[in-house]
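*Asks:* Just passing along the structure, written as structure tokens.
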Amino acid sequence: MAISRSGRAARPYSSGGMSTATSKPGRVTTGARTGGRSERVRAAIFEATIAELLESGYGGLTLSSVAKKADVALSTVNRRWATKPKLVADVLVDMTAMAVPDPDTGALETDLRQIAQSLATGFSNPQVRVLIRSMLALPEDEQVAIRTKHWDLRQENADRIIGRAVDRGEIPPQRDAFRVLELLGATVWMRALVTGGPLDQAVLDQLVDDVLVVARRGTPDPA
């Protein structure tokens, strides 16, 4: 069984909260919510915040503009979020549960190929890049909560995917299951957001091949 960085075995989780879907090409939207009026108001404010980030960027977003777009009173927004950073941080924390690829194709190689394609497709969306840059514009203390939520979910995801591959006998036990997916994601992230390097199918295929070499070498758990 793969072990998480905290030393605990992987545990099932529900990715609740806001998810994204593409209702129109290139448009990021949030998933449907259910619940009472309070939850509907929160969903409307979150939708409006995302729309404002995409239209005006973090610098141009104001609590007033969010309230207007959500069709709620400014006091409603202020009661829940005293500052713009806190609102944007809450929205991005909620969104980070979205699209955590968890393929179960029966083989690690095809799992990794699906993950690589999913990451490349997501990062190719200019609106997704705007949201990522909005996170980087937040004060450091607000970024911590987002990073913690984001990577906790992906640690659990790695534990499941790599754990299944170990159980099938495809790869030896891994001391740090997350490291395998980290190698995959880091390269895609670097090319999509920093260097602008190509992320075509040939690049993704070679990347998966390289990651498989590392996974097959393994990092056995200590006795």
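Please note that chains go A, B, ... in the order of the structure tokens, that every chain numbers its residues from 1, and that ligands are numbered from 1 in the order shown.
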Which neighbours of A:Gln206 fall inside 12 Å, counting only C-alpha atoms, when residues of the same chain fewer than 5 positions from it are skipped, and could you give them as a VMD selection string?

*Replies:* chain A and resid 109 112 to 113 116 184 187 to 188 199 to 201 211 to 213

*Asks:* Go through A:Val41, A:Ala215, A:Ile115, A:Ala67 one by one, measure the shortest atom-to-atom distance of each to A:Gly163 using only C-alpha atoms, and give the residue with the smallest value.

*Replies:* A:Ala215

*Asks:* Where in stretch 144-192 of chain A does DSSP assign helix (DSSP H, G or I), given as an mmCIF file with C-alpha atoms, in the first residue's frame?

*Replies:*
```
data_model
loop_
_atom_site.group_PDB
_atom_site.id
_atom_site.type_symbol
_atom_site.label_atom_id
_atom_site.label_comp_id
_atom_site.auth_asym_id
_atom_site.auth_seq_id
_atom_site.Cartn_x
_atom_site.Cartn_y
_atom_site.Cartn_z
ATOM 1 C CA VAL A 144 -1.485 28.713 2.425
ATOM 2 C CA ALA A 145 -5.064 27.465 2.825
ATOM 3 C CA ILE A 146 -5.428 27.044 -0.938
ATOM 4 C CA ARG A 147 -2.171 25.150 -1.284
ATOM 5 C CA THR A 148 -2.974 22.909 1.666
ATOM 6 C CA LYS A 149 -6.392 21.934 0.296
ATOM 7 C CA HIS A 150 -5.078 21.541 -3.248
ATOM 8 C CA TRP A 151 -2.165 19.288 -2.373
ATOM 9 C CA ASP A 152 -3.969 17.268 0.295
ATOM 10 C CA LEU A 153 -6.521 16.196 -2.317
ATOM 11 C CA ARG A 154 -3.819 15.347 -4.812
ATOM 12 C CA GLN A 155 -1.801 13.439 -2.214
ATOM 13 C CA GLU A 156 -4.812 11.239 -1.559
ATOM 14 C CA ASN A 157 -5.311 10.850 -5.297
ATOM 15 C CA ALA A 158 -1.696 9.771 -5.757
ATOM 16 C CA ASP A 159 -2.024 7.258 -2.926
ATOM 17 C CA ARG A 160 -4.958 5.624 -4.697
ATOM 18 C CA ILE A 161 -3.493 5.554 -8.203
ATOM 19 C CA ILE A 162 -0.016 4.402 -7.189
ATOM 20 C CA GLY A 163 -1.437 2.044 -4.563
ATOM 21 C CA ARG A 164 -3.497 0.258 -7.216
ATOM 22 C CA ALA A 165 -0.430 -0.085 -9.444
ATOM 23 C CA VAL A 166 1.573 -1.565 -6.550
ATOM 24 C CA ASP A 167 -1.260 -3.967 -5.737
ATOM 25 C CA ALA A 177 3.471 7.963 -4.002
ATOM 26 C CA PHE A 178 2.936 11.654 -4.621
ATOM 27 C CA ARG A 179 6.430 11.997 -6.083
ATOM 28 C CA VAL A 180 5.390 10.034 -9.166
ATOM 29 C CA LEU A 181 2.482 12.316 -10.023
ATOM 30 C CA GLU A 182 4.483 15.361 -8.949
ATOM 31 C CA LEU A 183 7.045 14.624 -11.664
ATOM 32 C CA LEU A 184 4.237 14.472 -14.200
ATOM 33 C CA GLY A 185 2.429 17.597 -13.054
ATOM 34 C CA ALA A 186 5.518 19.729 -12.537
ATOM 35 C CA THR A 187 6.615 19.425 -16.153
ATOM 36 C CA VAL A 188 3.181 20.256 -17.501
ATOM 37 C CA TRP A 189 2.872 23.199 -15.090
ATOM 38 C CA MET A 190 6.310 24.552 -16.059
ATOM 39 C CA ARG A 191 5.619 24.414 -19.787
ATOM 40 C CA ALA A 192 2.069 25.760 -19.551
#
```

*Asks:* Using only C-alpha atoms, which residue out of A:Ser64, A:Asp90, A:Ser56, A:Arg133 lies closest to A:Ala43?

*Replies:*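 Checking each candidate against A:Ala43, we get A:Asp90 as the closest.
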
*Asks:* Within 10 Å of A:Ser124, counting only C-alpha atoms, which residues show up once you throw out same-chain ones fewer than 5 positions away? Write them as a list in words, please.

*Replies:* Gly26, Ser118, Leu119, Arg129, Ala192, Leu193 and Leu199 of chain A

*Asks:* Rounded to one decimal in Å, what is the spacing between atom CA of A:Thr83 and atom CA of A:Val66?

*Replies:*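 Computed distance, atom CA of A:Thr83 to atom CA of A:Val66, equals 12.0 Å.
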